[in-house]
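Listing of start-v2.cif; format and content: mmCIF, C-alpha atoms and all ligand atoms.
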```cif
data_entry
#
loop_
_atom_site.label_atom_id
_atom_site.label_comp_id
_atom_site.auth_asym_id
_atom_site.auth_seq_id
_atom_site.Cartn_x
_atom_site.Cartn_y
_atom_site.Cartn_z
CA MET Z 13 19.43 9.38 16.61
CA ALA Z 14 18.97 12.26 14.20
CA THR Z 15 16.63 15.05 15.20
CA ALA Z 16 14.04 16.52 12.89
CA ALA Z 17 16.07 19.72 12.70
CA GLU Z 18 19.21 17.83 11.62
CA ALA Z 19 17.20 15.92 9.10
CA ASN Z 20 15.81 19.13 7.66
CA SER Z 21 19.19 20.82 7.42
CA ASN Z 22 20.69 17.73 5.74
CA ASP Z 23 17.69 17.62 3.47
CA GLY Z 24 18.10 13.87 3.29
CA PHE Z 25 14.99 13.54 1.19
CA SER Z 26 16.24 15.74 -1.63
CA LYS Z 27 19.64 14.05 -1.62
CA GLU Z 28 18.08 10.63 -1.66
CA HIS Z 29 15.68 11.66 -4.36
CA GLU Z 30 18.51 13.01 -6.52
CA GLU Z 31 20.43 9.75 -6.07
CA TRP Z 32 17.32 7.79 -6.97
CA LYS Z 33 16.79 9.89 -10.10
CA GLU Z 34 20.42 9.51 -11.03
CA GLU Z 35 20.29 5.74 -10.64
CA ARG Z 36 17.16 5.72 -12.76
CA GLY Z 37 18.81 7.84 -15.41
CA GLU Z 38 16.40 10.73 -14.93
CA ASN Z 39 19.10 13.27 -14.17
CA PRO Z 40 20.15 14.55 -17.58
CA THR Z 41 23.32 16.23 -16.33
CA THR Z 42 24.89 13.21 -14.68
CA SER Z 43 23.09 10.30 -16.18
CA GLN Z 44 24.96 7.78 -18.26
CA SER Z 45 22.04 5.47 -18.60
CA SER Z 46 21.49 3.16 -21.50
CA SER Z 47 18.73 0.79 -22.39
CA THR Z 48 20.70 -2.09 -20.86
CA GLU Z 49 20.41 -0.46 -17.45
CA GLN Z 50 16.67 -0.91 -17.40
CA ASN Z 51 16.95 -4.24 -15.61
CA THR Z 52 18.80 -2.71 -12.70
CA GLU Z 53 16.52 0.26 -12.17
CA PRO Z 54 15.67 0.81 -8.51
CA LYS Z 55 12.35 -0.51 -7.36
CA PRO Z 56 9.87 1.58 -5.38
CA VAL Z 57 10.06 1.24 -1.62
CA CYS Z 58 6.84 -0.17 -0.13
CA LEU Z 59 5.80 1.46 3.13
CA ILE Z 60 3.36 -0.81 4.96
CA VAL Z 61 1.59 1.41 7.48
CA LEU Z 62 0.48 -0.52 10.56
CA GLY Z 63 -0.88 0.67 13.88
CA MET Z 64 -3.59 0.22 16.47
CA ALA Z 65 -7.13 1.38 15.66
CA GLY Z 66 -7.27 5.16 15.74
CA SER Z 67 -3.50 5.64 15.71
CA GLY Z 68 -3.96 7.74 12.58
CA LYS Z 69 -2.97 5.37 9.74
CA THR Z 70 -5.38 6.77 7.17
CA THR Z 71 -4.62 10.39 8.06
CA PHE Z 72 -0.91 9.54 7.94
CA VAL Z 73 -1.13 7.92 4.49
CA GLN Z 74 -3.09 10.96 3.33
CA ARG Z 75 -0.37 13.23 4.72
CA LEU Z 76 2.44 11.17 3.15
CA THR Z 77 0.64 11.23 -0.18
CA ALA Z 78 0.34 15.02 -0.09
CA TYR Z 79 3.97 15.35 1.04
CA LEU Z 80 5.29 13.14 -1.75
CA HIS Z 81 3.17 14.91 -4.33
CA SER Z 82 4.62 18.22 -3.17
CA ARG Z 83 8.09 16.68 -3.68
CA LYS Z 84 7.15 15.70 -7.23
CA THR Z 85 7.39 12.01 -6.39
CA PRO Z 86 3.74 10.92 -6.36
CA PRO Z 87 3.40 7.56 -4.61
CA TYR Z 88 1.46 4.52 -5.72
CA VAL Z 89 -1.21 4.15 -3.03
CA ILE Z 90 -3.08 1.02 -1.98
CA ASN Z 91 -5.97 0.90 0.48
CA LEU Z 92 -6.38 -2.48 2.16
CA ASP Z 93 -9.04 -1.39 4.64
CA PRO Z 94 -12.36 -2.73 3.32
CA ALA Z 95 -14.36 -1.11 6.13
CA VAL Z 96 -13.20 2.47 5.80
CA HIS Z 97 -16.07 4.84 4.97
CA GLU Z 98 -14.05 7.29 3.00
CA VAL Z 99 -10.53 7.13 1.62
CA PRO Z 100 -9.21 10.68 1.83
CA PHE Z 101 -6.39 10.13 -0.68
CA PRO Z 102 -6.31 9.14 -4.35
CA ALA Z 103 -5.84 5.38 -4.10
CA ASN Z 104 -4.46 3.58 -7.13
CA ILE Z 105 -5.88 0.34 -5.79
CA ASP Z 106 -8.73 0.19 -3.31
CA ILE Z 107 -9.81 -3.12 -1.83
CA ARG Z 108 -13.37 -1.78 -1.71
CA ASP Z 109 -13.54 -1.82 -5.50
CA THR Z 110 -12.96 -5.56 -5.44
CA VAL Z 111 -14.79 -6.75 -2.34
CA ASN Z 112 -18.03 -5.47 -0.85
CA TYR Z 113 -17.36 -5.80 2.85
CA LYS Z 114 -20.96 -5.11 3.94
CA GLU Z 115 -22.26 -7.71 1.51
CA VAL Z 116 -19.77 -10.26 2.87
CA MET Z 117 -21.01 -9.58 6.41
CA LYS Z 118 -24.66 -9.76 5.41
CA GLN Z 119 -24.53 -12.89 3.33
CA TYR Z 120 -22.62 -14.94 5.86
CA GLY Z 121 -23.81 -13.47 9.13
CA LEU Z 122 -20.35 -12.28 10.10
CA GLY Z 123 -19.47 -9.50 12.50
CA PRO Z 124 -17.20 -6.60 11.53
CA ASN Z 125 -13.94 -8.47 12.17
CA GLY Z 126 -15.10 -11.60 10.34
CA GLY Z 127 -16.23 -9.46 7.42
CA ILE Z 128 -12.91 -7.63 7.25
CA VAL Z 129 -10.85 -10.82 7.48
CA THR Z 130 -12.94 -12.54 4.81
CA SER Z 131 -12.71 -9.51 2.53
CA LEU Z 132 -8.94 -9.44 2.98
CA ASN Z 133 -8.77 -13.18 2.27
CA LEU Z 134 -10.66 -12.68 -0.95
CA PHE Z 135 -8.40 -9.85 -1.93
CA ALA Z 136 -5.27 -11.86 -1.10
CA THR Z 137 -6.34 -14.50 -3.62
CA ARG Z 138 -6.01 -11.80 -6.27
CA PHE Z 139 -2.86 -10.19 -4.96
CA ASP Z 140 -0.81 -11.55 -7.85
CA GLN Z 141 -2.73 -9.08 -10.01
CA VAL Z 142 -1.91 -6.25 -7.61
CA MET Z 143 1.77 -7.20 -7.87
CA LYS Z 144 1.53 -7.02 -11.65
CA PHE Z 145 -0.05 -3.58 -11.44
CA ILE Z 146 2.75 -2.32 -9.17
CA GLU Z 147 5.41 -3.88 -11.40
CA LYS Z 148 3.88 -2.22 -14.44
CA LYS Z 149 3.97 1.17 -12.74
CA GLN Z 150 7.24 0.77 -10.86
CA SER Z 151 9.21 3.09 -13.09
CA ASN Z 152 6.82 5.95 -12.28
CA HIS Z 153 6.92 5.71 -8.50
CA GLN Z 154 9.58 5.92 -5.84
CA TYR Z 155 7.22 4.80 -3.08
CA VAL Z 156 4.24 2.52 -2.67
CA LEU Z 157 2.07 3.38 0.34
CA ILE Z 158 -0.14 0.72 1.87
CA ASP Z 159 -2.91 1.60 4.32
CA THR Z 160 -4.05 -1.41 6.36
CA PRO Z 161 -7.30 -2.30 8.19
CA GLY Z 162 -8.19 -0.48 11.40
CA GLN Z 163 -7.85 -3.54 13.63
CA ILE Z 164 -4.15 -4.27 13.40
CA GLU Z 165 -4.41 -7.99 14.20
CA VAL Z 166 -6.64 -8.54 11.17
CA PHE Z 167 -3.61 -7.83 9.02
CA THR Z 168 -0.61 -8.78 11.13
CA TRP Z 169 -1.83 -12.17 12.37
CA SER Z 170 -3.93 -13.32 9.44
CA ALA Z 171 -2.86 -15.64 6.66
CA SER Z 172 -3.85 -13.07 4.05
CA GLY Z 173 -1.86 -10.30 5.76
CA THR Z 174 1.16 -12.60 5.75
CA ILE Z 175 0.63 -13.52 2.09
CA ILE Z 176 0.37 -9.87 1.08
CA THR Z 177 3.41 -8.80 3.13
CA GLU Z 178 5.54 -11.66 1.84
CA ALA Z 179 4.46 -11.12 -1.75
CA LEU Z 180 5.48 -7.46 -1.55
CA ALA Z 181 8.73 -8.16 0.31
CA SER Z 182 9.75 -10.82 -2.19
CA SER Z 183 9.77 -8.28 -5.02
CA PHE Z 184 10.22 -4.82 -3.55
CA PRO Z 185 12.17 -3.20 -0.74
CA CYS Z 186 9.62 -3.11 2.08
CA VAL Z 187 9.59 -1.13 5.30
CA VAL Z 188 7.04 -1.39 8.10
CA VAL Z 189 6.00 1.99 9.46
CA TYR Z 190 4.44 1.28 12.84
CA LEU Z 191 2.29 4.22 13.87
CA MET Z 192 1.79 4.92 17.56
CA ASP Z 193 -0.62 7.41 19.06
CA THR Z 194 1.78 9.39 21.26
CA SER Z 195 -1.06 10.98 23.20
CA ARG Z 196 -2.34 7.54 24.18
CA SER Z 197 1.11 6.28 25.17
CA VAL Z 198 1.85 8.60 28.07
CA SER Z 199 1.22 5.86 30.60
CA PRO Z 200 4.32 3.63 30.87
CA VAL Z 201 2.11 0.53 30.85
CA THR Z 202 0.29 1.49 27.63
CA PHE Z 203 3.55 2.59 26.12
CA MET Z 204 5.27 -0.68 26.97
CA SER Z 205 2.42 -2.86 25.71
CA ASN Z 206 2.37 -0.90 22.44
CA MET Z 207 6.13 -1.32 22.06
CA LEU Z 208 5.89 -5.04 22.79
CA TYR Z 209 3.24 -5.31 20.12
CA ALA Z 210 5.59 -3.49 17.76
CA CYS Z 211 8.34 -5.98 18.66
CA SER Z 212 6.08 -8.94 17.90
CA ILE Z 213 5.41 -7.52 14.43
CA LEU Z 214 9.09 -6.78 13.93
CA TYR Z 215 9.99 -10.37 14.72
CA LYS Z 216 7.14 -11.76 12.65
CA THR Z 217 7.83 -9.79 9.48
CA LYS Z 218 11.60 -9.42 10.01
CA LEU Z 219 11.35 -6.34 7.82
CA PRO Z 220 13.09 -3.02 8.48
CA PHE Z 221 10.92 -1.21 10.98
CA ILE Z 222 10.23 2.43 11.77
CA VAL Z 223 8.24 3.47 14.82
CA ALA Z 224 6.45 6.69 13.91
CA MET Z 225 5.11 8.36 17.04
CA ASN Z 226 2.12 10.21 15.64
CA LYS Z 227 0.09 13.14 16.98
CA THR Z 228 3.15 15.04 18.18
CA ASP Z 229 1.09 18.18 17.70
CA ILE Z 230 -0.82 17.09 20.85
CA ILE Z 231 2.16 15.90 22.88
CA ASP Z 232 5.85 15.76 22.07
CA HIS Z 233 7.29 12.25 21.81
CA SER Z 234 10.55 13.08 23.60
CA PHE Z 235 9.30 11.44 26.83
CA ALA Z 236 9.03 8.13 24.98
CA VAL Z 237 12.50 8.43 23.46
CA GLU Z 238 13.83 9.17 26.93
CA TRP Z 239 12.08 6.13 28.36
CA MET Z 240 13.60 3.95 25.70
CA GLN Z 241 17.08 5.29 26.30
CA ASP Z 242 16.95 5.27 30.08
CA PHE Z 243 17.30 1.54 30.44
CA GLU Z 244 21.01 1.55 31.07
CA VAL Z 245 21.33 -2.19 30.82
CA PHE Z 246 19.86 -2.13 27.34
CA GLN Z 247 21.66 1.02 26.31
CA ASP Z 248 24.39 -0.65 24.28
CA ALA Z 249 21.98 -2.97 22.61
CA LEU Z 250 19.62 -0.11 21.91
CA ASN Z 251 22.38 1.95 20.34
CA GLN Z 252 23.11 -0.87 17.94
CA GLU Z 253 19.46 -1.51 17.18
CA THR Z 254 18.60 -0.81 13.60
CA SER Z 255 14.99 0.13 14.25
CA TYR Z 256 14.16 3.76 13.96
CA VAL Z 257 11.91 6.05 15.95
CA VAL Z 258 10.58 9.32 14.66
CA GLY Z 259 7.96 11.78 15.88
CA VAL Z 260 5.41 12.84 13.30
CA SER Z 261 2.09 14.59 13.05
CA ALA Z 262 -0.26 13.38 10.36
CA VAL Z 263 -2.32 16.51 10.94
CA THR Z 264 0.40 19.15 10.64
CA GLY Z 265 2.91 17.13 8.61
CA SER Z 266 5.82 17.75 10.97
CA GLY Z 267 8.60 15.14 11.15
CA LEU Z 268 8.17 13.84 7.61
CA ASP Z 269 11.64 14.91 6.41
CA GLU Z 270 13.19 12.92 9.23
CA LEU Z 271 10.86 10.02 8.50
CA PHE Z 272 12.14 9.80 4.93
CA VAL Z 273 15.76 9.91 6.10
CA HIS Z 274 14.91 6.81 8.16
CA VAL Z 275 13.02 5.29 5.23
CA ALA Z 276 16.17 5.60 3.10
CA ASP Z 277 18.23 3.87 5.82
CA ALA Z 278 15.56 1.20 6.27
CA ALA Z 279 15.43 0.55 2.52
CA LYS Z 280 19.23 0.07 2.56
CA GLU Z 281 18.79 -2.30 5.49
CA TYR Z 282 16.26 -4.24 3.41
CA GLU Z 283 18.91 -4.74 0.71
CA THR Z 284 21.75 -5.65 3.07
CA GLU Z 285 19.92 -7.62 5.77
CA TYR Z 286 16.48 -8.79 4.73
CA ARG Z 287 17.05 -9.66 1.07
CA PRO Z 288 20.18 -11.85 1.55
CA GLU Z 289 18.41 -13.74 4.34
CA TYR Z 290 15.25 -14.05 2.24
CA GLU Z 291 17.27 -15.32 -0.72
CA ARG Z 292 19.16 -17.78 1.48
CA LEU Z 293 15.89 -19.22 2.83
CA HIS Z 294 14.47 -19.27 -0.68
CA ARG Z 295 17.50 -21.20 -1.96
CA GLU Z 296 17.25 -23.66 0.94
CA LEU Z 297 13.59 -24.21 0.22
CA ALA Z 298 14.23 -24.69 -3.50
CA GLU Z 299 17.02 -27.17 -2.75
CA ALA Z 300 14.80 -29.09 -0.32
CA GLN Z 301 12.01 -29.17 -2.90
CA SER Z 302 14.32 -30.30 -5.65
CA GLN Z 303 15.71 -33.03 -3.37
CA LYS Z 304 12.18 -34.16 -2.57
CA GLN Z 305 11.32 -34.17 -6.26
CA LYS Z 306 14.40 -36.25 -7.00
CA GLU Z 307 13.37 -38.75 -4.34
CA GLN Z 308 9.84 -38.93 -5.75
CA LEU Z 309 11.28 -39.33 -9.21
CA GLU Z 310 13.55 -42.12 -8.04
CA ARG Z 311 10.67 -43.89 -6.27
CA LEU Z 312 8.49 -43.61 -9.33
CA ARG Z 313 11.33 -44.79 -11.54
CA LYS Z 314 11.67 -47.87 -9.36
CA ASP Z 315 7.91 -48.48 -9.36
CA MET Z 316 7.73 -48.05 -13.12
CA GLY Z 317 10.85 -50.10 -13.72
CA ALA Z 318 8.95 -53.38 -13.88
CA VAL Z 319 6.37 -51.96 -16.30
CA SER Z 320 9.04 -50.48 -18.54
CA MET Z 321 10.85 -53.79 -18.60
CA GLU Z 322 7.68 -55.54 -19.68
CA THR Z 323 6.99 -53.11 -22.53
CA ALA Z 324 10.55 -52.59 -23.60
CA ALA Z 325 11.85 -53.74 -26.91
CA PRO Z 326 13.95 -56.86 -26.65
CA ASN Z 327 17.15 -54.92 -27.31
CA GLY Z 328 16.43 -52.76 -24.27
CA THR Z 329 16.47 -49.37 -26.10
CA PHE Z 330 13.13 -48.30 -24.59
CA ILE Z 331 14.45 -48.63 -21.08
CA GLN Z 332 17.47 -46.59 -22.04
CA ASN Z 333 15.29 -43.82 -23.53
CA SER Z 334 12.86 -43.85 -20.66
CA HIS Z 335 15.58 -42.44 -18.43
CA ASP Z 336 15.91 -39.52 -20.78
CA SER Z 337 13.32 -37.13 -22.18
CA SER Z 338 10.08 -39.12 -22.52
CA PHE Z 339 10.23 -40.56 -19.02
CA LYS Z 340 11.09 -37.22 -17.45
CA ASN Z 341 8.30 -35.46 -19.32
CA LEU Z 342 5.83 -38.01 -18.12
CA LEU Z 343 6.96 -37.50 -14.53
CA VAL Z 344 6.84 -33.72 -14.73
CA ASP Z 345 3.31 -33.94 -16.10
CA LEU Z 346 2.32 -36.31 -13.37
CA ILE Z 347 3.71 -34.06 -10.64
CA PHE Z 348 1.98 -30.99 -12.03
CA THR Z 349 -1.37 -32.56 -12.73
CA ARG Z 350 -1.46 -34.32 -9.40
CA GLY Z 351 -0.11 -31.54 -7.28
CA ASN Z 352 -1.43 -28.24 -8.54
CA PRO Z 353 -5.20 -28.45 -8.52
CA GLU Z 354 -5.19 -30.03 -5.07
CA ASP Z 355 -2.69 -27.50 -3.74
CA ALA Z 356 -4.77 -24.64 -5.07
CA GLU Z 357 -7.86 -26.02 -3.42
CA GLU Z 358 -6.05 -26.53 -0.17
CA ASP Z 359 -4.71 -23.00 -0.25
CA GLU Z 360 -8.15 -21.54 -0.70
CA GLU Z 361 -9.64 -23.63 2.06
CA SER Z 362 -6.83 -23.07 4.50
CA ASP Z 363 -6.49 -19.36 3.82
CA THR Z 364 -8.19 -18.50 7.07
CA ASP Z 365 -6.81 -21.41 9.06
CA ASP Z 366 -4.16 -19.61 11.03
CA ILE Z 367 -6.12 -16.49 11.86
CA ASP Z 368 -6.43 -15.85 15.56
CA HIS Z 369 -9.82 -17.18 16.66
CA THR Z 370 -9.95 -14.87 19.62
CA VAL Z 371 -9.96 -11.77 17.50
CA THR Z 372 -11.88 -12.92 14.45
CA GLU Z 373 -14.92 -14.99 13.72
CA GLU Z 374 -13.00 -17.40 11.60
CA SER Z 375 -14.71 -20.42 13.17
CA LYS Z 376 -17.93 -19.22 11.52
CA GLU Z 377 -16.35 -18.13 8.31
CA ALA Z 378 -14.21 -21.15 7.36
CA GLY Z 379 -16.96 -22.99 5.50
CA ALA Z 380 -18.64 -19.85 4.31
CA PHE Z 381 -15.39 -18.56 2.89
CA GLY Z 382 -14.86 -21.65 0.76
CA ASN Z 383 -18.34 -21.39 -0.76
CA PHE Z 384 -18.21 -17.67 -1.01
CA LEU Z 385 -14.89 -17.77 -2.79
CA LYS Z 386 -16.37 -19.97 -5.52
CA GLU Z 387 -19.42 -17.77 -5.96
CA ARG Z 388 -17.47 -14.53 -5.96
CA ARG Z 389 -14.68 -15.64 -8.24
CA GLU Z 390 -16.62 -14.94 -11.39
CA ILE Z 391 -17.88 -11.56 -10.18
CA VAL Z 392 -14.41 -10.50 -9.04
CA GLU Z 393 -12.86 -11.60 -12.33
CA VAL Z 394 -15.39 -9.59 -14.34
CA ARG Z 395 -14.71 -6.52 -12.16
CA ASN Z 396 -10.96 -6.93 -12.45
CA LYS Z 397 -11.22 -7.17 -16.22
CA LYS Z 398 -13.28 -4.00 -16.30
CA SER Z 399 -10.83 -2.10 -14.10
CA SER Z 400 -7.71 -3.22 -15.97
N1 LIG E 501 -4.18 15.74 16.62
C1 LIG E 501 -3.96 14.80 15.73
N2 LIG E 501 -4.93 13.98 15.39
C2 LIG E 501 -4.67 13.01 14.49
C3 LIG E 501 -3.39 12.85 13.89
N3 LIG E 501 -3.44 11.80 13.05
C4 LIG E 501 -4.69 11.34 13.10
N4 LIG E 501 -5.44 12.05 13.96
C5 LIG E 501 -6.86 11.83 14.30
O1 LIG E 501 -7.00 10.54 14.88
C6 LIG E 501 -8.24 9.98 14.51
C7 LIG E 501 -8.03 8.63 13.87
O2 LIG E 501 -7.33 8.83 12.65
P1 LIG E 501 -7.43 7.81 11.45
O3 LIG E 501 -6.52 8.30 10.39
O4 LIG E 501 -8.83 7.50 11.09
O5 LIG E 501 -6.78 6.56 12.16
P2 LIG E 501 -6.72 5.04 11.66
O6 LIG E 501 -5.60 4.40 12.38
O7 LIG E 501 -6.70 4.99 10.17
O8 LIG E 501 -8.10 4.54 12.19
P3 LIG E 501 -8.87 3.17 11.87
O9 LIG E 501 -8.35 2.67 10.56
O10 LIG E 501 -10.30 3.60 11.78
O11 LIG E 501 -8.60 2.32 13.02
C8 LIG E 501 -8.92 10.99 13.57
O12 LIG E 501 -9.82 11.75 14.32
C9 LIG E 501 -7.74 11.85 13.08
O13 LIG E 501 -8.12 13.15 12.75
C10 LIG E 501 -2.35 13.78 14.29
O14 LIG E 501 -1.20 13.73 13.86
N5 LIG E 501 -2.70 14.71 15.23
#
```

Spit out the file's structure as structure tokens when you get a sec.
Amino acid sequence: MATAAEANSNDGFSKEHEEWKEERGENPTTSQSSSTEQNTEPKPVCLIVLGMAGSGKTTFVQRLTAYLHSRKTPPYVINLDPAVHEVPFPANIDIRDTVNYKEVMKQYGLGPNGGIVTSLNLFATRFDQVMKFIEKKQSNHQYVLIDTPGQIEVFTWSASGTIITEALASSFPCVVVYLMDTSRSVSPVTFMSNMLYACSILYKTKLPFIVAMNKTDIIDHSFAVEWMQDFEVFQDALNQETSYVVGVSAVTGSGLDELFVHVADAAKEYETEYRPEYERLHRELAEAQSQKQKEQLERLRKDMGAVSMETAAPNGTFIQNSHDSSFKNLLVDLIFTRGNPEDAEEDEESDTDDIDHTVTEESKEAGAFGNFLKERREIVEVRNKKSS
């Protein structure tokens, strides 16, 4: 594991940044870019900052923003915490501009968690627009920073959190930065439970994962690294683990050079490990869907066969043609018009279905959310139009 000092002396950030600029054709001395290279330009790396309440996520995103600005690589910043009083960094997209969390709570008698989950659900229904915004700006930014709601489970175990994470990871290299409050992890039990929580997120998202042990200005994180490496039985496995641990301080800014060395490694891991697996699953899903469609088509063809026979011209040409364009078009139309509106409705209604009932008030919000979604749609659309 690289130390902060090593990271500084290697200046991994500068090297990585130079490489990034070169790939993008921004380095006039070495660049051989042409307009045809535009399609292959590197995409910004999305850092999804997760962590328990009070671990320092917002302060950390603020610190990263300042750090990246000082490196002349201003990030694209998204705030997904609807309940935060003040966002201490210049957010390009702020969930609070789209959803009024207090209003959501008031109108539907929800508590703080219910209000946050419902607000996030509403926002997730518009996340395609957020993706378009990021895509539009991708050539200007090397990093996208995402601050998440205070209560970690609201994001990690909610349908909307999953939708947002998967949407980002399907288009951009994504890395989870799991922030731990080092000063609150000095007890082995607290430390272990926090690490287990980190593992559950790692296995859920399957994304490259960095554990950032924050607040190292209060207590050094070396005790935790030692604890992790002391398990002799797990030593070999640990050495081969591709997760990364780094000590940082959101308050003083220490450890950030090392963090970005890990981010570069994690982004490479995204390309070599996550993306091929994602694409494989995507292909499998597409094949399964196409097979299902073929079966439906075949069934429909059989069902329609008798009708076609009845209406066919005596020489049988209609039946022949019906297997070609006109018949296929009719089927495609049928599948779309039958499937889509119902699917969309189902999605909206089931958006909160797999949220953990023990940590949210989803049981109260399920009906309310459906109604609320309809009422708010128009307002949200007007606001989005204004902001775009
Ligand atoms: N000493 C020290 N304090 C920190 C550091 N990072 C954050 N804090 C403090 O920890 C507290 C919580 O920080 P926030 O940034 O609000 O944490 P958060 O995870 O966004 O909190 P919620 O979203 O409200 O759950 C604040 O008082 C911060 O000033 C750090 O590196 N060192």

What is the distance, in Å and to one decimal place, between CA of Lys304 in chain Z and CA of Phe139 in chain Z?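 If I compute the distance from CA of Lys304 in chain Z to CA of Phe139 in chain Z, I get 28.4 Å.
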
Quick one: pull the distance between CA of Phe145 in chain Z and CA of Ala262 in chain Z, Å, one decimal.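 If I compute the distance from CA of Phe145 in chain Z to CA of Ala262 in chain Z, I get 27.6 Å.
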
Set the cut-off to 6 Å, count only C-alpha atoms and all ligand atoms, and list whatever residues fall near ligand LIG 501 (chain E) as a ChimeraX atom specification. /Z:65-71,161-163,226-227,229-230,261-263

Given the selection you just returned, output its residues as a file containing C-alpha atoms, formatted as an mmCIF file, in the coordinates of the input.
```cif
data_model
loop_
_atom_site.group_PDB
_atom_site.id
_atom_site.type_symbol
_atom_site.label_atom_id
_atom_site.label_comp_id
_atom_site.auth_asym_id
_atom_site.auth_seq_id
_atom_site.Cartn_x
_atom_site.Cartn_y
_atom_site.Cartn_z
ATOM 1 C CA ALA Z 65 -7.130 1.380 15.660
ATOM 2 C CA GLY Z 66 -7.270 5.160 15.740
ATOM 3 C CA SER Z 67 -3.500 5.640 15.710
ATOM 4 C CA GLY Z 68 -3.960 7.740 12.580
ATOM 5 C CA LYS Z 69 -2.970 5.370 9.740
ATOM 6 C CA THR Z 70 -5.380 6.770 7.170
ATOM 7 C CA THR Z 71 -4.620 10.390 8.060
ATOM 8 C CA PRO Z 161 -7.300 -2.300 8.190
ATOM 9 C CA GLY Z 162 -8.190 -0.480 11.400
ATOM 10 C CA GLN Z 163 -7.850 -3.540 13.630
ATOM 11 C CA ASN Z 226 2.120 10.210 15.640
ATOM 12 C CA LYS Z 227 0.090 13.140 16.980
ATOM 13 C CA ASP Z 229 1.090 18.180 17.700
ATOM 14 C CA ILE Z 230 -0.820 17.090 20.850
ATOM 15 C CA SER Z 261 2.090 14.590 13.050
ATOM 16 C CA ALA Z 262 -0.260 13.380 10.360
ATOM 17 C CA VAL Z 263 -2.320 16.510 10.940
#
```

In Å, rounded to a single decimal, give me how far CA of Leu62 in chain Z is from CA of Tyr190 in chain Z.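 Rounded to one decimal, the two atoms are 4.9 Å apart.
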
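Between Glu285 in chain Z and the residues Z:Ile158, Z:Val61, Z:Leu219, Z:Val111, the shortest atom-to-atom distance, using only C-alpha atoms, involves Z:Leu219.
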
Measuring between all atoms listed in the file, which one of Z:Tyr282, Z:Asp277, Z:Ala95, Z:Ala136 shows the shortest distance to Ser182 in chain Z? Z:Tyr282

With 12 Å as the threshold, what does the neighbourhood of (6.7, 12.8, -1.1) contain in terms of residues, counting only C-alpha atoms? Coordinates are those of the file; answer as an NGL selection string. :Z and (25-26 or 28-29 or 73-89 or 153-157 or 265 or 268-269 or 271-273 or 275)

Of the candidates Z:Met143, Z:Glu296, Z:Gln301, Z:Val257, which one gets nearest to Glu270 in chain Z if we count all atoms listed in the file?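 Smallest distance to Glu270 in chain Z is found for Z:Val257.
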
Of the candidates Z:Val57, Z:Ala171, Z:Ala181, Z:Val116, which shows the shortest atom-to-atom distance to Lys218 in chain Z, using all atoms listed in the file?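 Smallest distance to Lys218 in chain Z is found for Z:Ala181.
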
Which residue of Z:Gln150, Z:Asn91, Z:Ser205, Z:Thr284 approaches Ser183 in chain Z most closely, using only C-alpha atoms: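 Answer, going by the shortest atom-to-atom distance: Z:Gln150.
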
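The residue that comes closest to Phe221 in chain Z, out of Z:Pro124, Z:Pro200, Z:Pro102, Z:Pro185 and on the basis of only C-alpha atoms, is Z:Pro185.
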
Can you fill out range 90-100 of chain Z with N, CA and C atoms and hand it back as a compact mmCIF listing (two decimals), in the coordinates of the input?
```
# COMPACT_ATOMS: atom_id res chain seq x y z
N ILE Z 90 -2.18 2.17 -2.05
CA ILE Z 90 -3.08 1.02 -1.98
C ILE Z 90 -3.85 1.06 -0.66
N ASN Z 91 -5.17 0.99 -0.74
CA ASN Z 91 -5.97 0.90 0.48
C ASN Z 91 -6.41 -0.54 0.69
N LEU Z 92 -6.00 -1.09 1.84
CA LEU Z 92 -6.38 -2.48 2.16
C LEU Z 92 -7.43 -2.54 3.25
N ASP Z 93 -8.01 -1.39 3.60
CA ASP Z 93 -9.04 -1.39 4.64
C ASP Z 93 -10.42 -1.44 3.97
N PRO Z 94 -11.08 -2.62 4.03
CA PRO Z 94 -12.36 -2.73 3.32
C PRO Z 94 -13.48 -1.99 4.04
N ALA Z 95 -13.27 -1.66 5.33
CA ALA Z 95 -14.36 -1.11 6.13
C ALA Z 95 -14.32 0.40 6.25
N VAL Z 96 -13.31 1.02 5.65
CA VAL Z 96 -13.20 2.47 5.80
C VAL Z 96 -14.33 3.15 5.01
N HIS Z 97 -14.95 4.17 5.63
CA HIS Z 97 -16.07 4.84 4.97
C HIS Z 97 -15.59 5.64 3.77
N GLU Z 98 -14.52 6.37 4.03
CA GLU Z 98 -14.05 7.29 3.00
C GLU Z 98 -12.53 7.21 2.95
N VAL Z 99 -11.98 7.11 1.75
CA VAL Z 99 -10.53 7.13 1.62
C VAL Z 99 -10.13 8.54 1.20
N PRO Z 100 -9.45 9.26 2.11
CA PRO Z 100 -9.21 10.68 1.83
C PRO Z 100 -7.99 10.93 0.97
```
